[in-house]
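Data block for input-v7.txt (compact mmCIF, C-alpha atoms and all ligand atoms):
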# COMPACT_ATOMS: atom_id res chain seq x y z
CA MET A 1 84.79 -127.99 -68.99
CA LYS A 2 83.74 -131.10 -67.14
CA ILE A 3 84.09 -134.21 -69.31
CA ARG A 4 80.79 -135.66 -68.09
CA ASN A 5 79.06 -132.89 -70.07
CA ARG A 6 80.78 -134.02 -73.25
CA LEU A 7 79.77 -137.66 -73.09
CA ASN A 8 76.65 -137.83 -75.14
CA PRO A 9 75.50 -140.70 -77.40
CA SER A 10 73.80 -138.25 -79.77
CA ASN A 11 77.09 -136.37 -80.22
CA PRO A 12 79.85 -138.76 -79.10
CA CYS A 13 83.25 -137.27 -78.39
CA PHE A 14 86.64 -138.64 -79.36
CA SER A 15 89.43 -138.44 -76.82
CA PHE A 16 93.13 -139.23 -76.94
CA GLU A 17 95.41 -140.61 -74.27
CA PHE A 18 99.12 -139.77 -73.99
CA PHE A 19 101.92 -140.60 -71.62
CA PRO A 20 104.34 -137.90 -70.38
CA PRO A 21 107.55 -137.99 -72.42
CA LYS A 22 110.84 -138.44 -70.56
CA THR A 23 112.88 -135.95 -72.61
CA PRO A 24 112.42 -132.36 -73.86
CA GLU A 25 112.44 -133.71 -77.47
CA GLY A 26 109.69 -136.12 -76.47
CA THR A 27 107.61 -133.23 -75.16
CA THR A 28 108.19 -131.26 -78.37
CA ASN A 29 107.07 -134.31 -80.38
CA LEU A 30 104.01 -134.73 -78.22
CA LEU A 31 102.98 -131.11 -78.66
CA LYS A 32 103.42 -131.63 -82.42
CA THR A 33 101.23 -134.74 -82.22
CA LEU A 34 98.62 -132.68 -80.39
CA GLU A 35 98.77 -130.02 -83.08
CA GLU A 36 98.17 -132.74 -85.68
CA LEU A 37 95.22 -134.09 -83.75
CA ALA A 38 93.65 -130.73 -82.85
CA PRO A 39 91.76 -130.36 -86.17
CA LEU A 40 89.91 -133.55 -85.26
CA GLU A 41 88.39 -131.55 -82.38
CA PRO A 42 88.99 -134.01 -79.54
CA GLY A 43 86.45 -133.77 -76.73
CA PHE A 44 89.42 -134.06 -74.38
CA VAL A 45 92.88 -135.56 -74.06
CA SER A 46 94.30 -137.34 -71.05
CA VAL A 47 97.81 -137.81 -69.66
CA THR A 48 98.79 -140.99 -67.82
CA TYR A 49 100.47 -141.11 -64.41
CA GLY A 50 103.73 -143.08 -64.19
CA ALA A 51 104.53 -145.89 -61.81
CA GLY A 52 107.03 -143.64 -60.01
CA GLY A 53 109.91 -141.26 -60.64
CA SER A 54 110.16 -137.97 -62.43
CA THR A 55 107.43 -138.45 -65.04
CA ARG A 56 104.81 -138.10 -62.29
CA ASP A 57 105.37 -134.35 -61.97
CA LYS A 58 105.34 -134.17 -65.74
CA THR A 59 101.75 -135.41 -65.82
CA LEU A 60 100.59 -132.41 -63.83
CA ASP A 61 102.75 -129.98 -65.80
CA LEU A 62 101.70 -131.39 -69.16
CA VAL A 63 97.99 -131.34 -68.38
CA ALA A 64 98.22 -127.73 -67.23
CA ARG A 65 100.26 -126.83 -70.31
CA ILE A 66 97.89 -128.52 -72.76
CA LYS A 67 94.96 -126.67 -71.21
CA ARG A 68 96.80 -123.36 -71.23
CA GLU A 69 98.47 -123.56 -74.64
CA THR A 70 96.10 -125.52 -76.84
CA GLY A 71 92.67 -124.81 -75.38
CA ILE A 72 91.96 -128.57 -75.52
CA GLU A 73 90.34 -129.97 -72.37
CA ALA A 74 92.86 -132.17 -70.56
CA MET A 75 92.40 -134.78 -67.85
CA ALA A 76 95.11 -135.90 -65.41
CA HIS A 77 95.41 -139.56 -64.45
CA LEU A 78 96.33 -140.09 -60.80
CA THR A 79 97.19 -143.33 -59.00
CA CYS A 80 97.51 -144.35 -55.35
CA VAL A 81 100.85 -146.12 -55.91
CA GLY A 82 103.46 -144.98 -53.39
CA HIS A 83 101.36 -142.07 -52.09
CA THR A 84 99.99 -141.30 -48.65
CA ARG A 85 96.66 -139.53 -48.44
CA GLU A 86 98.46 -136.30 -47.49
CA GLU A 87 100.54 -136.48 -50.66
CA LEU A 88 97.44 -137.18 -52.71
CA ARG A 89 95.69 -134.20 -51.11
CA GLU A 90 98.65 -132.02 -52.05
CA LEU A 91 98.70 -133.31 -55.65
CA LEU A 92 94.97 -132.78 -56.00
CA GLY A 93 95.39 -129.26 -54.64
CA ARG A 94 98.04 -128.56 -57.28
CA LEU A 95 95.71 -129.82 -60.00
CA ALA A 96 92.88 -127.65 -58.71
CA ASP A 97 95.22 -124.62 -58.57
CA ALA A 98 96.17 -125.26 -62.22
CA LYS A 99 92.43 -125.18 -63.03
CA VAL A 100 92.40 -128.83 -64.05
CA GLU A 101 88.77 -129.93 -63.85
CA ASN A 102 88.97 -133.63 -64.70
CA VAL A 103 90.84 -136.45 -62.98
CA LEU A 104 90.99 -140.18 -63.74
CA ALA A 105 91.22 -141.74 -60.27
CA LEU A 106 93.11 -145.05 -60.31
CA ARG A 107 94.70 -147.48 -57.96
CA GLY A 108 97.66 -148.22 -60.27
CA ASP A 109 99.59 -151.43 -60.88
CA PRO A 110 101.99 -153.01 -58.37
CA PRO A 111 105.38 -151.29 -58.73
CA GLN A 112 108.11 -153.15 -60.66
CA GLY A 113 109.50 -156.07 -58.69
CA GLN A 114 106.25 -156.56 -56.74
CA THR A 115 103.64 -159.08 -57.76
CA THR A 116 100.80 -157.77 -55.62
CA TYR A 117 99.71 -154.25 -54.87
CA GLU A 118 100.44 -153.04 -51.33
CA PRO A 119 99.55 -149.52 -50.27
CA VAL A 120 102.14 -147.44 -48.44
CA GLU A 121 101.30 -146.71 -44.82
CA GLY A 122 98.58 -144.08 -44.80
CA GLY A 123 97.77 -144.76 -48.47
CA PHE A 124 94.85 -146.37 -50.29
CA ARG A 125 94.32 -150.02 -51.22
CA TYR A 126 91.63 -149.50 -53.87
CA ALA A 127 90.68 -146.77 -56.31
CA SER A 128 87.26 -146.51 -54.64
CA GLU A 129 89.02 -145.22 -51.49
CA LEU A 130 90.71 -142.51 -53.53
CA VAL A 131 87.39 -141.56 -55.14
CA ARG A 132 85.68 -141.37 -51.73
CA PHE A 133 88.57 -139.29 -50.39
CA ILE A 134 88.36 -136.80 -53.27
CA ARG A 135 84.62 -136.39 -52.70
CA GLU A 136 84.98 -136.06 -48.91
CA GLU A 137 87.72 -133.47 -49.30
CA ASP A 138 85.29 -131.44 -51.41
CA PHE A 139 87.45 -131.14 -54.48
CA ASN A 140 85.23 -130.13 -57.34
CA PHE A 141 86.66 -132.46 -59.99
CA CYS A 142 84.73 -134.37 -62.60
CA LEU A 143 85.96 -137.89 -61.81
CA GLY A 144 86.57 -140.81 -64.14
CA GLY A 145 87.66 -144.34 -63.29
CA ALA A 146 88.89 -147.47 -65.04
CA CYS A 147 86.82 -150.55 -65.87
CA TYR A 148 87.52 -153.91 -67.47
CA PRO A 149 85.13 -155.54 -69.97
CA GLU A 150 87.09 -158.80 -69.75
CA GLY A 151 87.63 -158.48 -65.99
CA HIS A 152 90.63 -156.99 -64.19
CA VAL A 153 93.65 -159.31 -64.20
CA GLU A 154 93.60 -159.74 -60.40
CA THR A 155 89.92 -160.48 -60.01
CA ALA A 156 88.47 -163.86 -59.15
CA SER A 157 85.54 -163.40 -61.56
CA ARG A 158 84.00 -160.83 -63.88
CA ASP A 159 80.92 -160.57 -61.68
CA GLU A 160 83.05 -159.87 -58.62
CA ASP A 161 84.98 -157.22 -60.57
CA LEU A 162 81.70 -155.62 -61.67
CA ARG A 163 80.43 -155.47 -58.08
CA ARG A 164 83.67 -153.72 -57.10
CA LEU A 165 83.16 -151.33 -59.99
CA LYS A 166 79.66 -150.53 -58.70
CA GLU A 167 81.18 -149.63 -55.30
CA LYS A 168 83.72 -147.39 -57.03
CA VAL A 169 81.05 -145.64 -59.09
CA ASP A 170 78.85 -145.20 -56.03
CA ALA A 171 81.81 -143.60 -54.23
CA GLY A 172 81.51 -140.72 -56.69
CA LEU A 173 82.58 -141.43 -60.28
CA ASP A 174 81.02 -139.45 -63.12
CA PHE A 175 82.10 -141.82 -65.90
CA VAL A 176 84.36 -144.79 -66.60
CA ILE A 177 86.74 -145.65 -69.42
CA THR A 178 87.35 -149.26 -70.40
CA GLN A 179 90.58 -151.14 -70.70
CA LEU A 180 91.43 -151.72 -74.37
CA PHE A 181 89.58 -154.52 -76.14
CA PHE A 182 89.64 -155.85 -79.70
CA ASP A 183 86.32 -157.65 -79.72
CA ASN A 184 83.25 -155.44 -79.24
CA ALA A 185 81.22 -158.37 -77.92
CA PHE A 186 83.08 -157.99 -74.60
CA TYR A 187 82.09 -154.32 -74.37
CA PHE A 188 78.41 -154.81 -75.21
CA ASP A 189 78.09 -157.69 -72.77
CA PHE A 190 79.87 -155.68 -70.07
CA VAL A 191 77.62 -152.62 -70.52
CA GLU A 192 74.53 -154.80 -70.34
CA ARG A 193 75.70 -156.48 -67.12
CA ALA A 194 76.75 -153.13 -65.64
CA ARG A 195 73.34 -151.56 -66.34
CA ARG A 196 71.62 -154.59 -64.82
CA ILE A 197 73.33 -154.01 -61.45
CA GLY A 198 72.66 -150.27 -61.48
CA ILE A 199 75.88 -148.80 -62.89
CA ASN A 200 74.39 -145.89 -64.78
CA VAL A 201 77.35 -143.61 -65.59
CA PRO A 202 78.67 -143.34 -69.19
CA ILE A 203 80.97 -146.25 -70.10
CA VAL A 204 83.48 -145.00 -72.66
CA PRO A 205 85.13 -147.71 -74.77
CA GLY A 206 88.94 -147.56 -74.91
CA ILE A 207 90.41 -148.47 -78.28
CA MET A 208 94.03 -149.06 -79.18
CA PRO A 209 94.89 -149.23 -82.88
CA ILE A 210 97.49 -151.93 -83.34
CA THR A 211 100.61 -150.44 -84.91
CA ASN A 212 103.16 -152.99 -83.71
CA PHE A 213 102.06 -156.58 -83.18
CA GLU A 214 104.79 -157.56 -80.70
CA GLN A 215 103.98 -154.55 -78.55
CA VAL A 216 100.31 -155.48 -78.55
CA GLN A 217 101.09 -159.05 -77.57
CA ARG A 218 103.06 -157.66 -74.63
CA PHE A 219 100.18 -155.36 -73.58
CA THR A 220 97.53 -158.01 -73.92
CA ARG A 221 99.59 -160.40 -71.80
CA LEU A 222 99.71 -157.70 -69.09
CA CYS A 223 96.11 -156.53 -69.22
CA GLY A 224 94.36 -159.75 -70.20
CA ALA A 225 92.65 -158.44 -73.37
CA THR A 226 91.82 -161.07 -75.97
CA VAL A 227 93.03 -160.73 -79.55
CA PRO A 228 90.33 -162.40 -81.69
CA MET A 229 91.76 -165.46 -83.44
CA ARG A 230 91.09 -164.11 -86.93
CA LEU A 231 92.84 -160.81 -86.21
CA GLY A 232 95.75 -162.69 -84.60
CA LEU A 233 96.16 -164.89 -87.67
CA GLN A 234 95.98 -161.91 -90.03
CA MET A 235 98.60 -160.11 -87.93
CA GLU A 236 100.89 -163.17 -87.90
CA ARG A 237 100.80 -163.20 -91.69
CA VAL A 238 101.98 -159.58 -92.04
CA LYS A 239 104.04 -159.18 -88.87
CA ASP A 240 107.29 -158.60 -90.80
CA GLN A 241 105.76 -155.81 -92.89
CA PRO A 242 105.40 -152.80 -90.55
CA GLU A 243 103.17 -150.85 -92.95
CA ALA A 244 100.81 -153.77 -93.45
CA VAL A 245 100.53 -154.20 -89.65
CA VAL A 246 99.51 -150.55 -89.28
CA GLN A 247 97.00 -150.83 -92.14
CA LEU A 248 95.43 -153.90 -90.62
CA GLY A 249 95.39 -152.30 -87.15
CA VAL A 250 93.73 -149.16 -88.48
CA ALA A 251 91.19 -151.15 -90.48
CA HIS A 252 90.27 -153.31 -87.48
CA ALA A 253 89.94 -150.36 -85.09
CA THR A 254 87.87 -148.39 -87.62
CA VAL A 255 85.41 -151.25 -88.01
CA GLN A 256 85.25 -151.60 -84.20
CA CYS A 257 84.54 -147.87 -83.79
CA MET A 258 81.87 -147.82 -86.52
CA GLU A 259 79.96 -150.55 -84.76
CA LEU A 260 80.38 -148.93 -81.34
CA LEU A 261 79.08 -145.60 -82.68
CA SER A 262 76.16 -147.23 -84.46
CA ARG A 263 75.15 -148.74 -81.11
CA GLY A 264 75.18 -145.45 -79.24
CA VAL A 265 78.42 -145.14 -77.26
CA PRO A 266 78.92 -141.76 -75.49
CA GLY A 267 82.46 -141.35 -76.84
CA ILE A 268 85.57 -143.29 -77.84
CA HIS A 269 88.89 -143.00 -75.99
CA PHE A 270 91.98 -143.76 -78.08
CA TYR A 271 95.16 -145.13 -76.54
CA THR A 272 97.53 -143.29 -78.90
CA LEU A 273 100.92 -144.29 -77.41
CA ASN A 274 101.90 -140.72 -78.33
CA LYS A 275 101.66 -141.35 -82.06
CA SER A 276 99.06 -139.62 -84.18
CA PRO A 277 98.90 -141.17 -87.70
CA ALA A 278 96.83 -144.27 -86.88
CA THR A 279 94.39 -142.38 -84.64
CA ARG A 280 94.15 -139.61 -87.22
CA MET A 281 93.24 -142.04 -89.97
CA ILE A 282 90.57 -143.71 -87.86
CA VAL A 283 88.97 -140.52 -86.55
CA SER A 284 89.07 -138.95 -90.03
CA ALA A 285 87.16 -141.97 -91.37
CA LEU A 286 84.65 -141.74 -88.52
CA ARG A 287 84.13 -138.01 -89.04
CA ALA A 288 83.65 -138.56 -92.79
CA ARG A 289 80.92 -141.05 -91.98
CA SER A 290 78.81 -138.65 -89.91
P1 LIG A 301 90.63 -150.77 -58.58
O1 LIG A 301 89.36 -150.20 -59.07
O2 LIG A 301 91.03 -150.48 -57.17
O3 LIG A 301 90.62 -152.34 -58.83
C1 LIG A 301 91.81 -153.12 -58.67
C2 LIG A 301 91.44 -154.56 -58.32
O4 LIG A 301 90.91 -154.62 -57.00
C3 LIG A 301 90.34 -155.16 -59.22
O5 LIG A 301 90.66 -156.52 -59.39
C4 LIG A 301 89.07 -155.01 -58.39
O6 LIG A 301 88.10 -156.00 -58.71
C5 LIG A 301 89.61 -155.21 -56.99
N1 LIG A 301 88.86 -154.50 -55.94
C6 LIG A 301 88.40 -153.24 -55.98
N2 LIG A 301 87.82 -152.91 -54.80
C7 LIG A 301 87.93 -154.00 -53.99
C8 LIG A 301 87.55 -154.29 -52.64
N3 LIG A 301 86.92 -153.38 -51.89
N4 LIG A 301 87.84 -155.52 -52.13
C9 LIG A 301 88.49 -156.47 -52.89
N5 LIG A 301 88.86 -156.23 -54.17
C10 LIG A 301 88.59 -155.02 -54.72
N6 LIG A 301 97.87 -147.24 -64.55
C11 LIG A 301 98.84 -146.33 -64.22
O7 LIG A 301 99.77 -146.65 -63.47
N7 LIG A 301 98.78 -145.04 -64.70
C12 LIG A 301 97.79 -144.61 -65.51
O8 LIG A 301 97.76 -143.46 -65.93
C13 LIG A 301 96.76 -145.55 -65.87
N8 LIG A 301 95.72 -145.18 -66.67
C14 LIG A 301 94.71 -146.07 -66.94
C15 LIG A 301 93.64 -145.66 -67.74
C16 LIG A 301 92.61 -146.54 -68.04
C17 LIG A 301 91.44 -146.08 -68.87
C18 LIG A 301 92.65 -147.89 -67.56
C19 LIG A 301 91.57 -148.86 -67.92
C20 LIG A 301 93.73 -148.31 -66.78
C21 LIG A 301 94.76 -147.42 -66.45
N9 LIG A 301 95.85 -147.78 -65.66
C22 LIG A 301 96.84 -146.88 -65.35
C23 LIG A 301 95.98 -149.18 -65.17
C24 LIG A 301 95.37 -149.38 -63.76
O9 LIG A 301 96.08 -148.59 -62.81
C25 LIG A 301 95.49 -150.86 -63.41
O10 LIG A 301 94.65 -151.61 -64.22
C26 LIG A 301 95.35 -151.23 -61.94
O11 LIG A 301 95.79 -152.57 -61.78
C27 LIG A 301 93.93 -151.14 -61.39
O12 LIG A 301 93.53 -149.85 -61.22
P2 LIG A 301 91.98 -149.51 -60.88
O13 LIG A 301 91.91 -148.06 -60.67
O14 LIG A 301 91.08 -150.14 -61.86
O15 LIG A 301 91.86 -150.30 -59.46
Take the structure in the file and give it back as structure tokens.
Ligand code: FAD
Amino acid sequence: MKIRNRLNPSNPCFSFEFFPPKTPEGTTNLLKTLEELAPLEPGFVSVTYGAGGSTRDKTLDLVARIKRETGIEAMAHLTCVGHTREELRELLGRLADAKVENVLALRGDPPQGQTTYEPVEGGFRYASELVRFIREEDFNFCLGGACYPEGHVETASRDEDLRRLKEKVDAGLDFVITQLFFDNAFYFDFVERARRIGINVPIVPGIMPITNFEQVQRFTRLCGATVPMRLGLQMERVKDQPEAVVQLGVAHATVQCMELLSRGVPGIHFYTLNKSPATRMIVSALRARS
């Protein structure tokens, strides 16, 4: 099933993102997490693509396995990092052979030890080049891409970033998923500006329930997302009480999602970090509401 057919403001879908575990126990835990989340009827799940090394093959294997063994629609993330176009063609061919229908086409971050992104010889500099390549090669994937309500960390300005996003969408994206954000105002403003310049594909908000404040501070430093002052202060107050942090994180994300749904989003994508309880609590509350 192509994800674009599931993104519908009158029946929004919930989706869950995972990363490929490094160990067999990790994979067993992940499949258990999936089992726990299955009753929430996710529209799809997605599996991230590592910066390099052995987990990259695991993305392909895991997506194929989830599709085969759980019946849940699964999307593979794919990045340009370290790959030539021939390698990317081969990887895309393997995904198509495994009957994977959905791909999140990304550039990827600079590899560890590098401050700026440099393509390998014969590789791609921007995600839009990968998207164009996939379309020109006639792969029949439904294609998603990444977008940044607060602007990508490398961009000179949000408007410039949005213009680059328009080029990427025009190259052949069916939908985009946002970087995580904790303040919905960024999302609503972003969607309005995107529509104004003719970006008409579904823009799925990406939500990460905070379950560990230090980890979130690390992420937000890397991706540039703003933690609203009030939430930051509340987190500071309970940071030494792990359960209270989770409760606050779940409460905040639930309120965020309720507002997003009431204003007609086509779906909500949850960054689960391979843990189900927080996402389960939030989605259960959202389902109870409808
Ligand atoms: P691009 O769209 O290529 O943009 C990168 C930068 O280049 C932006 O600043 C943009 O404004 C600029 N730009 C684009 N085109 C041009 C141009 N023609 N000229 C000049 N500048 C240009 N990373 C992983 O490694 N694995 C994952 O699985 C993964 N999953 C993700 C899922 C989501 C939903 C999101 C939001 C991000 C994910 N990332 C992942 C992170 C992502 O790879 C990084 O944010 C990366 O730095 C940018 O990737 P991109 O596809 O957005 O790049």
Quick one: contact table of chain A to ligand LIG 301 (chain A), 7 Å max, nearest atom pair and distance in Å to one decimal per residue, counting only C-alpha atoms and all ligand atoms, chain and number order, as CSV?
residue,atom,partner,partner_atom,distance
A:Val47,CA,A:LIG301,O8,6.8
A:Thr48,CA,A:LIG301,O8,3.3
A:Tyr49,CA,A:LIG301,O8,3.9
A:Gly50,CA,A:LIG301,N7,5.3
A:Ala51,CA,A:LIG301,O7,5.1
A:His77,CA,A:LIG301,O8,4.8
A:Leu78,CA,A:LIG301,O8,6.3
A:Thr79,CA,A:LIG301,O7,6.1
A:Ala105,CA,A:LIG301,O13,6.4
A:Leu106,CA,A:LIG301,O13,3.3
A:Arg107,CA,A:LIG301,O13,3.9
A:Gly108,CA,A:LIG301,O9,3.0
A:Asp109,CA,A:LIG301,O11,4.1
A:Arg125,CA,A:LIG301,O2,6.8
A:Tyr126,CA,A:LIG301,O2,3.5
A:Ala127,CA,A:LIG301,O2,3.8
A:Ser128,CA,A:LIG301,O2,6.0
A:Gly145,CA,A:LIG301,O13,6.2
A:Ala146,CA,A:LIG301,C19,4.2
A:Cys147,CA,A:LIG301,C19,5.4
A:Tyr148,CA,A:LIG301,C19,6.5
A:His152,CA,A:LIG301,O5,4.8
A:Val153,CA,A:LIG301,O5,6.3
A:Glu154,CA,A:LIG301,O5,4.5
A:Thr155,CA,A:LIG301,O5,4.1
A:Glu160,CA,A:LIG301,O6,6.4
A:Asp161,CA,A:LIG301,O6,3.8
A:Arg164,CA,A:LIG301,N2,4.8
A:Leu165,CA,A:LIG301,O1,6.4
A:Lys168,CA,A:LIG301,O1,6.6
A:Ile177,CA,A:LIG301,C17,4.8
A:Thr178,CA,A:LIG301,C19,4.9
A:Gln179,CA,A:LIG301,C19,3.7
A:Gly206,CA,A:LIG301,C17,6.7
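With atom CA of Phe133 of chain A on one side and atom CA of Ala76 of chain A on the other, the separation reads 16.7 Å.
The space separating atom CA of Phe270 of chain A from atom CA of Leu92 of chain A comes to 24.8 Å.
Rounded to one decimal, atom CA of Arg132 of chain A and atom CA of Arg85 of chain A lie 11.6 Å from each other.
Look at segment 110-112 of chain A: the protein and nucleic acid residues within 8 Å of it, using all atoms listed in the file and passing over chain neighbours fewer than 2 places away, are Ala51, Gly52, Val81, Gly108, Gln114, Thr115, Thr116, Tyr117 and Glu118 of chain A.
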Notebook entry, point to check: Excluding same-chain residues fewer than 2 positions from segment 27-29 of chain A, what lies within 12 Å of it counting all atoms listed in the file, as JSON, numbers by chain?
Noted result: {"A": [18, 19, 20, 21, 22, 23, 24, 25, 31, 32, 33, 34, 35, 36, 55, 58, 59, 61, 62, 63, 65, 66, 274, 275, 276]}
I need the chosen residues saved as an mmCIF file, keeping the file's coordinate frame, with C-alpha atoms.
data_model
loop_
_atom_site.group_PDB
_atom_site.id
_atom_site.type_symbol
_atom_site.label_atom_id
_atom_site.label_comp_id
_atom_site.auth_asym_id
_atom_site.auth_seq_id
_atom_site.Cartn_x
_atom_site.Cartn_y
_atom_site.Cartn_z
ATOM 1 C CA PHE A 18 99.120 -139.770 -73.990
ATOM 2 C CA PHE A 19 101.920 -140.600 -71.620
ATOM 3 C CA PRO A 20 104.340 -137.900 -70.380
ATOM 4 C CA PRO A 21 107.550 -137.990 -72.420
ATOM 5 C CA LYS A 22 110.840 -138.440 -70.560
ATOM 6 C CA THR A 23 112.880 -135.950 -72.610
ATOM 7 C CA PRO A 24 112.420 -132.360 -73.860
ATOM 8 C CA GLU A 25 112.440 -133.710 -77.470
ATOM 9 C CA LEU A 31 102.980 -131.110 -78.660
ATOM 10 C CA LYS A 32 103.420 -131.630 -82.420
ATOM 11 C CA THR A 33 101.230 -134.740 -82.220
ATOM 12 C CA LEU A 34 98.620 -132.680 -80.390
ATOM 13 C CA GLU A 35 98.770 -130.020 -83.080
ATOM 14 C CA GLU A 36 98.170 -132.740 -85.680
ATOM 15 C CA THR A 55 107.430 -138.450 -65.040
ATOM 16 C CA LYS A 58 105.340 -134.170 -65.740
ATOM 17 C CA THR A 59 101.750 -135.410 -65.820
ATOM 18 C CA ASP A 61 102.750 -129.980 -65.800
ATOM 19 C CA LEU A 62 101.700 -131.390 -69.160
ATOM 20 C CA VAL A 63 97.990 -131.340 -68.380
ATOM 21 C CA ARG A 65 100.260 -126.830 -70.310
ATOM 22 C CA ILE A 66 97.890 -128.520 -72.760
ATOM 23 C CA ASN A 274 101.900 -140.720 -78.330
ATOM 24 C CA LYS A 275 101.660 -141.350 -82.060
ATOM 25 C CA SER A 276 99.060 -139.620 -84.180
#
Note to self: Give me the residues near Leu37 of chain A as a PyMOL selection string, where near means some atom within 12 Å (using only C-alpha atoms) and where sequence neighbours in that chain fewer than 3 positions away do not count.
What the structure shows: chain A and resi 14-18+30-34+40-45+70+72+270+272+274-284
Margin query: Which residue is closest to Ser10 of chain A? Choose from A:His269, A:Leu261, A:Gly113, A:Ala64 and count all atoms listed in the file.
Written below: A:Leu261
Note to self: Please return as number ranges by chain every residue within 10 Å of (90.3, -158.1, -73.0), taking into account all atoms listed in the file and the file's own coordinates.
What the structure shows: A: 148-153, 178-184, 186-187, 220-221, 223-228
Note to self: Excluding Val250 of chain A and its own-chain neighbours fewer than 2 positions away, which residues fall within 10 Å of it when counting all atoms listed in the file? Please give them as JSON, numbers by chain.
What the structure shows: {"A": [208, 209, 210, 211, 244, 245, 246, 247, 248, 252, 253, 254, 255, 256, 277, 278, 279, 280, 281, 282]}
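Restricting the calculation to all atoms listed in the file, the smallest distance between Gly264 of chain A and any of A:Val191, A:Ile134, A:Leu60, A:Gln241 is found for A:Val191.
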Check: Counting only C-alpha atoms, what is within 12 Å of Arg6 of chain A, bar same-chain residues fewer than 6 positions away, as a count of residues only?
Finding: 17
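Those DNA, RNA and protein residues that approach the point (74.9, -154.3, -60.1) to within 12 Å, considering all atoms listed in the file, are Arg158, Asp159, Glu160, Asp161, Leu162, Arg163, Arg164, Leu165, Lys166, Glu167, Lys168, Val169, Asp170, Phe190, Val191, Glu192, Arg193, Ala194, Arg195, Arg196, Ile197, Gly198, Ile199 and Asn200 of chain A.
Restricting the calculation to only C-alpha atoms, the smallest distance between Phe188 of chain A and any of A:Leu260, A:Val131, A:Val120, A:Ala251 is found for A:Leu260.
Among the candidate residues A:Tyr271, A:Phe139, A:Phe219, A:Phe124, the one lying nearest to Pro205 of chain A is A:Tyr271, with distances computed using only C-alpha atoms.
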